[in-house]
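Visitor: Mind having a look at this structure? Questions to follow.
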Amino acid sequence: MKIKAILFVFLALTLWNPATGTTLKMAFDADPVSLDPHEQLSEGTLQFSHLAFDPLLRWKQDGHFEPRLATHWQQIDSLTMRFFLRNDVKFHTGNALTAEDVVYTIRRLKNSPDFRAMFDAIKSVSIIDSTTIDVHSTYPNPLLLNIMTYVFPMDEAFYQGNDQIIKYGDTFASRNVSGTGPFIVTTRELGSQMVLDRNPNYWDKKSKGNVDKVVITPIRSDSTRLAALLSGDVDFIFPISPIDIAQAKKAQGIQVVTLASGRILLLHMNQKRRKELQDIRVRKAINLAINQKLIVEKILKGYATPAEQLSPDNFLGHISDLKPEYDLAKALQLMKDAGYEKGFRISMMAPNNRYMNDEKVAQAIAAMLAKIHIKVELKTLPKAQYFKEFDDRSADIMMLGWQSDTEDSNNLFEFIIACPNPKTGLGAYNASEYCNPSIDSDIHQANREMNPEKRIRLMQQIERTLHNDAPIVPLFWQSLTWAAKDKVHIKDIVNAQNYPYLGDIVIAN
Amino acid sequence: MLVFLLRRLMQACFVMIIISVISFAIQGKLGDPVQQMVGMSASPAERAQLREELGLNDSFISQYWRFAKNVVHGDLGMSYYYKEPALDVILKKLPATLELAFCAIILVILVATPCGVIAAIRPRHLFSRFLMILSSIGLSVPVFIVAIFLVYLFSVKLNMAPSFGRGQTTEVLGLWNSGLFNKDGLSHLILPSLTLTIALMPVFVRLIRAEMMEVLQSEYIRFAWSKGLSAPRIYFLHALKNTMLPIITVGGIQAGTLIAYTILTETIFQWPGMGFLFMDAVSRVDTPLISAYLIVVGGLFVITNTLVDLIYGLVNPTVRLASHGL
């Protein structure tokens with residue numbers, strides 16, 4: 001009788017299993033290289049940071065900030081901003097979040113090789129009380145809040161003394177994690193799987209998120225990733241290739257969500273390598289001969305926005321009357337005026353696995369330039385080799401994609417078109433070798449200008465100069481594309497930064 | 001026998017040295033590992049420092065010498081990405097690849113042998129002709145197309161088998177994690193092993209058929225017929241046994257093809273084995289891992305071919321190893 005009773009209880013327990021929660025299976029194209037949020041400034045790392053950690057504040061879909069671990073903030077003087085922290089937040093270890101953890105984290109960021117450049121703008125942080133900190137800037141910085149979205153407080157008591165950051169090194173922080181985030185890492189098999197469980201003590205009780213377990217698998221190949229979704233093996237994928245979107249939309253129970261983003265793709269025309277490119281008429285002709293609209297329509301199936309400037313329309317530097325121009329006759333005339341009626345040969349390099357359809361875009365451009373008699377010798381390379389060539393400026397025309405770390409135009413200008421200066425790091429990706437001191441001084445001013453009106457004017461001035469001088473060819477801003485099963489409500493939790501807020505994701509029953 | 005093994009060992013050492021030189025020499029050509037490690041906005045100074053720390057600024061000879069010295073000590077370097085010794089990473093992934101290859105080989109043997117024999121015995125039969133057409137198609141269609149087609153049909157359309165990954169694994173005798181002993185693991189094995197089988201089988205069907213037809217013409221088979229032996233006994237015992245010699249030779253060589261195909265198959269099915277690891281390492285420019293993979297695969301290749309030579313002697317005692325200068 002006793003045995004029967006035990007058996008019955010056992011059976012009841014196995015059948016009634018409250019732990020059977022909702023599991024979200026995700027497939028990304030890449031996974032974070034490390035559990036240390038400060039080891040590499042990459043999309044994979046930041047996506048992970050939003051799972052296991054929380055930022056002080058984060059971006060909303062509409063481009064505004066949303067308070068997270070900081071409840072609010074206020075400007076004390078031109079160099080000081082005060083942040084008020086939540087007082088009910090606990091790390092995964094059970095330690096409470098205090099101002100000291102935030103100070104510790106910012107200090108660590110200032111020592112990280114990848115984040116250092118951005119956090120140089122912060123001079124120091126002082127503690128007012130256990131939930132209040134003052135952030136002191138090096139100079140009046142209009143982008144302080146944008147930078148603060150990168151502060152994901154780490155558990156000082158957990159990491160202290162064991163917190164060295166070594167690139168691709170076997171460090172404590174690269175294998176162990178204690179954040180405040182909605183999910184706790186349970187298992188991680190590098191390169192094949194990461195499993196996270198819901199943090200039972202998560203502070204954000206208002207979050208509608210109902211996922212108890214997240215399984216993330218990196219799937220590199222586009223077709224395998226899509227097949228995994230269509231066959232039901234995963235629930236949510238990023239990215240889905242534009243070519244596959246039509247097919248996925250037809251499939252039953254599958255939704256595709258796209259968002260315009262600020263990822264600009266452009267061509268650099270190297271003026272140091274080729275004297276022809278020093279002639280503004282030739283540069284203009286190349287700009288006119290390339291049909292951005294056609295590239296977007298045919299190769300990206302419309303999942304991009306044709307560009308005639310670097311700043312997308314939600315950035316302050318954007319000028320709305322600059323539209324992509326395509327005029328073959330005018331381009332031919334300009335070539336003739338410049339004395340290159342018969343054209344010339346030019347070398348071009350592009351990656352073949354870095355940006356969406358990068359190789360096809362490059363081939364289309366070669367074909368378009370042939371129409372103004374510029375014969376392009378195109379070489380496409382895997383990204384691992386391409387960026388070495390890019391650093392060596394190995395070709396006359398080189399392709400580059402860029403996303404602004406600060407969601408601001410100035411970041412684009414600093415890296416892409418400022419005069420190359422190895423000391424300051426400005427113009428590090430300026431493969432045009434174009435140098436215009438007036439742009440540099442505008443960049444410098446815009447970095448310190450606190451008046452938004454004046455700032456807009458400064459940055460639009462840079463865009464206008466760029467348009468007139470035509471040192472580069474802006475191509476398009478790529479859209480972000482996600483796909484998921486219908487029951488997974490991804491629409492509300494994706495954003496232009498591509499950090500899906502999985503803590504808030506809802507799966508319908 | 002001993003002399004043969006010793007000689008083989010010497011040859012193997014020579015081959016391995018060449019492989020190590022080649023695998024080391026290509027490291028510099030694969031791209032810049034530093035570029036993959038840092039974010040886009042890291043400064044040139046940060047990168048230069050990292051390059052110095054990794055010892056990438058030393059001369060080729062001194063880098064190779066350092067590499068070779070460590071290899072002899074069983075240290076193939078630390079994988080940049082996995083932050084573990086490269087050899088350990090590879091050995092951890094080895095069981096997944098071996099299981100996949102094992103299933104494919106079993107399938108090939110089980111299907112190719114009867115098919116080849118039937119095609120040889122009844123060359124004019126409709127089924128034989130159908131087999132031959134099928135095998136030509138199998139030979140000419142690239143393996144990734146086969147894989148994509150199988151995924152489309154069996155996972156996307158029919159929902160019969162999972163499209164990627166290895167599924168659940170169980171630990172066997174504390175030695176390795178196996179997918180062979182549970183339903184989920186086995187269902188994940190279906191499509192990848194089928195892909196490999198389709199890629200490898202046509203060669204064997206054709207080979208068995210050709211050899212078998214030749215053997216069936218020989219004196220001793222005619223003698224066996226006239227002696228009144230049963231047909232199955234003649235076909236499957238006497239004739240088949242003598243077709244095995246060339247098949248074993250080709251089988252040894254095909255081991256190389258098998259490894260090449262596992263790279264493709266594993267990439268498409270996201271199979272967490274050595275091949276997938278290798279492709280991943282290439283895209284990340286994880287050079288120590290790439291070199292280690294080439295050395296391990298080179299070693300595997302040398303071992304299989306030695307085994308094949310040994311089996312050769314067992315199957316056909318008239319082959320004397322020493323007299324063949326092996």
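Ordering of the structure tokens sets the chain letters (A, B, ...), residue numbers begin anew at 1 in every chain, and ligands are numbered from 1 in the order given.
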Contacts from chain A to chain B, 6 Å maximum, only C-alpha atoms: show me the residue list as a PyMOL selection string.
Guide: chain A and resi 40-42+114+168-170+228+230-231+384-385+425
Visitor: Save out the residues we just selected, all heavy atoms, as a tab-separated table (two decimals), in the first residue's frame.
Guide:
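To be explicit, this is the file written out as again.tsv:
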```tsv
chain	number	residue	atom	x	y	z
A	40	GLN	N	34.88	42.52	-26.66
A	40	GLN	CA	34.81	42.92	-28.06
A	40	GLN	C	33.58	43.79	-28.29
A	40	GLN	O	32.47	43.42	-27.87
A	40	GLN	CB	34.74	41.69	-28.97
A	40	GLN	CG	34.88	42.03	-30.44
A	40	GLN	CD	34.81	40.81	-31.33
A	40	GLN	OE1	33.87	40.04	-31.26
A	40	GLN	NE2	35.80	40.65	-32.19
A	41	LEU	N	33.76	44.92	-28.94
A	41	LEU	CA	32.63	45.79	-29.28
A	41	LEU	C	32.03	45.26	-30.57
A	41	LEU	O	32.44	45.62	-31.65
A	41	LEU	CB	33.12	47.23	-29.44
A	41	LEU	CG	32.10	48.28	-29.91
A	41	LEU	CD1	30.80	48.21	-29.18
A	41	LEU	CD2	32.69	49.67	-29.77
A	42	SER	N	31.08	44.33	-30.42
A	42	SER	CA	30.46	43.75	-31.62
A	42	SER	C	28.99	43.52	-31.35
A	42	SER	O	28.54	43.52	-30.21
A	42	SER	CB	31.14	42.43	-31.97
A	42	SER	OG	30.85	41.47	-30.96
A	114	ASP	N	38.53	47.84	-26.83
A	114	ASP	CA	37.50	48.15	-27.82
A	114	ASP	C	36.60	49.31	-27.41
A	114	ASP	O	36.09	50.04	-28.25
A	114	ASP	CB	36.62	46.91	-28.07
A	114	ASP	CG	37.22	46.02	-29.14
A	114	ASP	OD1	38.45	46.06	-29.28
A	114	ASP	OD2	36.47	45.32	-29.83
A	168	TYR	N	40.66	37.35	-26.64
A	168	TYR	CA	40.75	35.93	-26.94
A	168	TYR	C	41.59	35.20	-25.88
A	168	TYR	O	42.27	34.24	-26.16
A	168	TYR	CB	41.32	35.69	-28.33
A	168	TYR	CG	40.31	35.91	-29.42
A	168	TYR	CD1	39.51	37.03	-29.45
A	168	TYR	CD2	40.13	34.96	-30.43
A	168	TYR	CE1	38.58	37.22	-30.44
A	168	TYR	CE2	39.19	35.15	-31.43
A	168	TYR	CZ	38.43	36.29	-31.42
A	168	TYR	OH	37.50	36.47	-32.41
A	169	GLY	N	41.55	35.73	-24.64
A	169	GLY	CA	42.30	35.07	-23.57
A	169	GLY	C	41.34	34.29	-22.68
A	169	GLY	O	40.15	34.59	-22.63
A	170	ASP	N	41.88	33.30	-22.00
A	170	ASP	CA	41.04	32.46	-21.15
A	170	ASP	C	40.90	33.13	-19.78
A	170	ASP	O	41.52	32.73	-18.82
A	170	ASP	CB	41.69	31.08	-21.02
A	170	ASP	CG	40.77	30.11	-20.32
A	170	ASP	OD1	39.60	30.48	-20.06
A	170	ASP	OD2	41.21	29.00	-20.02
A	228	ALA	N	15.78	25.88	-40.88
A	228	ALA	CA	15.54	25.56	-39.47
A	228	ALA	C	14.24	26.20	-38.99
A	228	ALA	O	13.48	25.62	-38.22
A	228	ALA	CB	16.72	26.02	-38.61
A	230	LEU	N	11.65	27.18	-41.06
A	230	LEU	CA	10.51	26.63	-41.80
A	230	LEU	C	10.15	25.22	-41.31
A	230	LEU	O	8.99	24.83	-41.33
A	230	LEU	CB	10.81	26.60	-43.31
A	230	LEU	CG	10.96	27.96	-43.97
A	230	LEU	CD1	11.27	27.80	-45.45
A	230	LEU	CD2	9.72	28.81	-43.78
A	231	SER	N	11.16	24.47	-40.87
A	231	SER	CA	10.87	23.11	-40.41
A	231	SER	C	10.44	23.11	-38.95
A	231	SER	O	10.13	22.08	-38.39
A	231	SER	CB	12.09	22.22	-40.60
A	231	SER	OG	13.13	22.67	-39.78
A	384	ALA	N	37.67	38.00	-43.72
A	384	ALA	CA	38.90	37.82	-42.96
A	384	ALA	C	40.09	38.40	-43.71
A	384	ALA	O	41.01	38.96	-43.12
A	384	ALA	CB	39.13	36.34	-42.69
A	385	GLN	N	40.09	38.25	-45.04
A	385	GLN	CA	41.19	38.79	-45.82
A	385	GLN	C	40.92	40.21	-46.28
A	385	GLN	O	41.83	41.00	-46.45
A	385	GLN	CB	41.44	37.90	-47.03
A	385	GLN	CG	42.10	36.60	-46.66
A	385	GLN	CD	41.52	35.43	-47.40
A	385	GLN	OE1	41.45	35.44	-48.62
A	385	GLN	NE2	41.09	34.42	-46.66
A	425	GLY	N	43.32	58.44	-34.23
A	425	GLY	CA	42.42	57.39	-34.69
A	425	GLY	C	41.33	57.93	-35.60
A	425	GLY	O	40.51	57.17	-36.11
```
Visitor: Show me, as a PyMOL selection string, the residues that have an atom within 12 Å of region 218-230 of chain B when counting only C-alpha atoms, minus same-chain residues fewer than 6 positions from it.
Guide: chain B and resi 211-212+236-243
Visitor: Keeping only C-alpha atoms, write the selected residues as a CSV table (one decimal), in the first residue's frame.
Guide:
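After the write, out.csv holds the following:
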```
chain,number,residue,atom,x,y,z
B,211,GLU,CA,34.8,-5.8,-60.9
B,212,MET,CA,32.1,-8.4,-60.4
B,236,PHE,CA,28.2,-13.7,-52.7
B,237,LEU,CA,31.0,-16.0,-51.5
B,238,HIS,CA,33.3,-16.8,-54.3
B,239,ALA,CA,32.9,-13.9,-56.7
B,240,LEU,CA,32.3,-11.1,-54.3
B,241,LYS,CA,35.3,-11.9,-52.2
B,242,ASN,CA,37.6,-11.5,-55.1
B,243,THR,CA,36.1,-8.2,-56.1
```
Visitor: Write out as a compact mmCIF listing (two decimals) with all heavy atoms, in the first residue's frame each polymer residue whose atoms come within 8 Å of Ser311 (chain A), counting only C-alpha atoms; drop sequence neighbours fewer than 4 positions from it.
Guide:
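For reference, selection13.txt as written:
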```
# COMPACT_ATOMS: atom_id res chain seq x y z
N GLY A 262 20.50 52.33 -39.69
CA GLY A 262 21.48 53.33 -40.11
C GLY A 262 22.75 52.73 -40.67
O GLY A 262 23.75 53.42 -40.80
N PHE A 315 18.95 60.58 -38.20
CA PHE A 315 20.15 61.19 -37.63
C PHE A 315 20.09 62.69 -37.84
O PHE A 315 19.51 63.17 -38.81
CB PHE A 315 21.42 60.63 -38.30
CG PHE A 315 21.86 59.28 -37.81
CD1 PHE A 315 20.95 58.41 -37.24
CD2 PHE A 315 23.18 58.89 -37.91
CE1 PHE A 315 21.35 57.16 -36.79
CE2 PHE A 315 23.59 57.64 -37.47
CZ PHE A 315 22.68 56.77 -36.91
N LEU A 316 20.78 63.42 -36.94
CA LEU A 316 20.70 64.88 -36.99
C LEU A 316 21.32 65.46 -38.26
O LEU A 316 20.92 66.51 -38.73
CB LEU A 316 21.38 65.49 -35.76
CG LEU A 316 20.72 65.13 -34.42
CD1 LEU A 316 21.47 65.78 -33.28
CD2 LEU A 316 19.26 65.56 -34.40
N GLY A 317 22.32 64.78 -38.81
CA GLY A 317 23.00 65.35 -39.97
C GLY A 317 22.26 65.17 -41.28
O GLY A 317 22.68 65.68 -42.31
N HIS A 318 21.14 64.45 -41.25
CA HIS A 318 20.44 64.12 -42.50
C HIS A 318 19.87 65.36 -43.18
O HIS A 318 19.28 66.22 -42.55
CB HIS A 318 19.30 63.15 -42.18
CG HIS A 318 18.57 62.66 -43.40
ND1 HIS A 318 19.07 61.64 -44.19
CD2 HIS A 318 17.43 63.06 -43.98
CE1 HIS A 318 18.22 61.44 -45.18
NE2 HIS A 318 17.22 62.28 -45.09
N SER A 409 25.39 61.07 -36.41
CA SER A 409 26.14 61.28 -37.66
C SER A 409 27.63 61.43 -37.43
O SER A 409 28.45 60.99 -38.23
CB SER A 409 25.66 62.55 -38.36
OG SER A 409 24.29 62.50 -38.57
N LEU A 412 29.92 58.56 -37.85
CA LEU A 412 30.18 58.20 -39.26
C LEU A 412 31.30 59.07 -39.81
O LEU A 412 32.24 58.57 -40.43
CB LEU A 412 28.92 58.42 -40.10
CG LEU A 412 27.65 57.65 -39.72
CD1 LEU A 412 26.46 58.19 -40.48
CD2 LEU A 412 27.84 56.18 -40.03
N GLU A 463 27.63 67.14 -44.34
CA GLU A 463 26.98 66.34 -45.39
C GLU A 463 26.96 67.11 -46.72
O GLU A 463 27.20 66.54 -47.78
CB GLU A 463 25.54 65.98 -45.00
CG GLU A 463 25.41 64.88 -43.93
CD GLU A 463 25.81 63.49 -44.42
OE1 GLU A 463 26.27 63.36 -45.57
OE2 GLU A 463 25.66 62.54 -43.64
```
Visitor: Which is closer to Val143 (chain B) than all the others in B:Val203, B:Ile247, B:Leu9, B:Leu196, using only C-alpha atoms?
Guide: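 So, comparing all the options, the nearest one is B:Leu196.
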Visitor: Would you mind telling me which residue in B:Pro142, B:Gly275, B:Pro85, B:Pro232 lies nearest to Ile118 (chain B) when using only C-alpha atoms?
Guide: B:Pro232
Visitor: From the set B:Cys103, B:Val146, B:Ala260, B:Leu131, which residue has the shortest atom-to-atom contact distance to Ile190 (chain B), counting only C-alpha atoms?
Guide: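 The answer is B:Cys103, which sits nearest to Ile190 (chain B).
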Visitor: Pick out the residues sitting within 12 Å of region 169-175 of chain B, and hand them over as a PyMOL selection string; count only C-alpha atoms, and ignore anything fewer than 2 positions along from it in its own chain.
Guide: chain B and resi 91-92+94-96+99+165-167+177-189+272
Visitor: Give me the residues within 8 Å of Tyr293 (chain B) as a PyMOL selection string, counting only C-alpha atoms and dropping any in the same chain fewer than 3 places off.
Guide: chain B and resi 87+90+274+278+289-290+296-297
Visitor: Closest to Val257 (chain A) among A:Thr171, A:Phe48, A:Lys272, A:Pro239, using only C-alpha atoms?
Guide: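 Ranking A:Thr171, A:Phe48, A:Lys272, A:Pro239 by distance to Val257 (chain A), first place goes to A:Pro239.
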Visitor: Return the single residue from A:Asp279, A:Asp321, A:Glu100, A:Asp54 that is closest to Ile128 (chain A), with distances computed using only C-alpha atoms.
Guide: A:Glu100
Visitor: Could you pull out the residues in region 171-292 of chain B that DSSP calls strand (DSSP E) from the backbone, as a ChimeraX atom specification?
Guide: /B:171-172,176-178
Visitor: When DSSP is applied to the backbone of this structure, which of region 98-245 of chain B are assigned alpha helix (DSSP H)? Write them out as a VMD selection string.
Guide: chain B and resid 98 to 121 126 to 140 143 to 150 183 to 216 219 to 227 231 to 232 240 to 245
Visitor: Quick one: residues within 9 Å of region 340-342 of chain A, only C-alpha atoms, excluding same-chain residues fewer than 6 positions away - as a compact mmCIF listing (two decimals) with all heavy atoms, in the first residue's frame?
Guide:
```txt
# COMPACT_ATOMS: atom_id res chain seq x y z
N GLU A 276 43.38 60.32 -61.48
CA GLU A 276 42.08 60.56 -62.12
C GLU A 276 41.02 60.91 -61.07
O GLU A 276 40.15 61.74 -61.29
CB GLU A 276 41.60 59.31 -62.88
CG GLU A 276 42.44 58.93 -64.09
CD GLU A 276 43.54 57.95 -63.75
OE1 GLU A 276 44.00 57.95 -62.59
OE2 GLU A 276 43.93 57.17 -64.64
N VAL A 282 35.44 63.56 -62.35
CA VAL A 282 35.43 62.09 -62.43
C VAL A 282 34.65 61.51 -61.25
O VAL A 282 33.82 60.61 -61.41
CB VAL A 282 36.87 61.53 -62.46
CG1 VAL A 282 36.87 60.02 -62.39
CG2 VAL A 282 37.60 62.02 -63.69
N LEU A 332 28.62 60.94 -68.57
CA LEU A 332 29.47 60.81 -69.76
C LEU A 332 30.06 62.16 -70.14
O LEU A 332 31.24 62.28 -70.49
CB LEU A 332 28.67 60.22 -70.92
CG LEU A 332 28.46 58.70 -70.87
CD1 LEU A 332 27.40 58.26 -71.86
CD2 LEU A 332 29.78 57.98 -71.13
N GLN A 333 29.22 63.19 -70.04
CA GLN A 333 29.67 64.54 -70.37
C GLN A 333 30.80 64.97 -69.42
O GLN A 333 31.81 65.52 -69.85
CB GLN A 333 28.46 65.50 -70.27
CG GLN A 333 28.78 66.92 -70.69
CD GLN A 333 29.28 66.98 -72.14
OE1 GLN A 333 28.77 66.29 -73.03
NE2 GLN A 333 30.32 67.79 -72.38
N LEU A 334 30.62 64.68 -68.13
CA LEU A 334 31.64 65.05 -67.14
C LEU A 334 32.96 64.33 -67.41
O LEU A 334 34.04 64.91 -67.30
CB LEU A 334 31.15 64.71 -65.72
CG LEU A 334 30.17 65.70 -65.09
CD1 LEU A 334 29.55 65.11 -63.84
CD2 LEU A 334 30.89 67.00 -64.76
N ILE A 372 30.30 54.18 -68.34
CA ILE A 372 31.02 55.45 -68.60
C ILE A 372 32.49 55.13 -68.91
O ILE A 372 33.38 55.92 -68.66
CB ILE A 372 30.89 56.45 -67.42
CG1 ILE A 372 31.33 55.83 -66.10
CG2 ILE A 372 29.48 56.98 -67.31
CD1 ILE A 372 31.48 56.85 -64.98
N HIS A 373 32.69 53.93 -69.44
CA HIS A 373 33.99 53.48 -69.96
C HIS A 373 35.06 53.33 -68.89
O HIS A 373 36.24 53.36 -69.20
CB HIS A 373 34.49 54.40 -71.08
CG HIS A 373 33.42 54.72 -72.07
ND1 HIS A 373 32.78 53.73 -72.78
CD2 HIS A 373 32.83 55.89 -72.44
CE1 HIS A 373 31.86 54.29 -73.56
NE2 HIS A 373 31.87 55.60 -73.36
N ILE A 374 34.65 53.21 -67.64
CA ILE A 374 35.64 52.89 -66.61
C ILE A 374 35.64 51.37 -66.46
O ILE A 374 34.61 50.77 -66.13
CB ILE A 374 35.29 53.57 -65.26
CG1 ILE A 374 35.35 55.08 -65.43
CG2 ILE A 374 36.25 53.10 -64.18
CD1 ILE A 374 35.03 55.85 -64.17
```
Visitor: With distances taken over only C-alpha atoms, which of A:Phe344, A:Leu322, A:Gln74, A:Ala370 is nearest to Ile290 (chain A)?
Guide: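 Nearest to Ile290 (chain A): A:Ala370.
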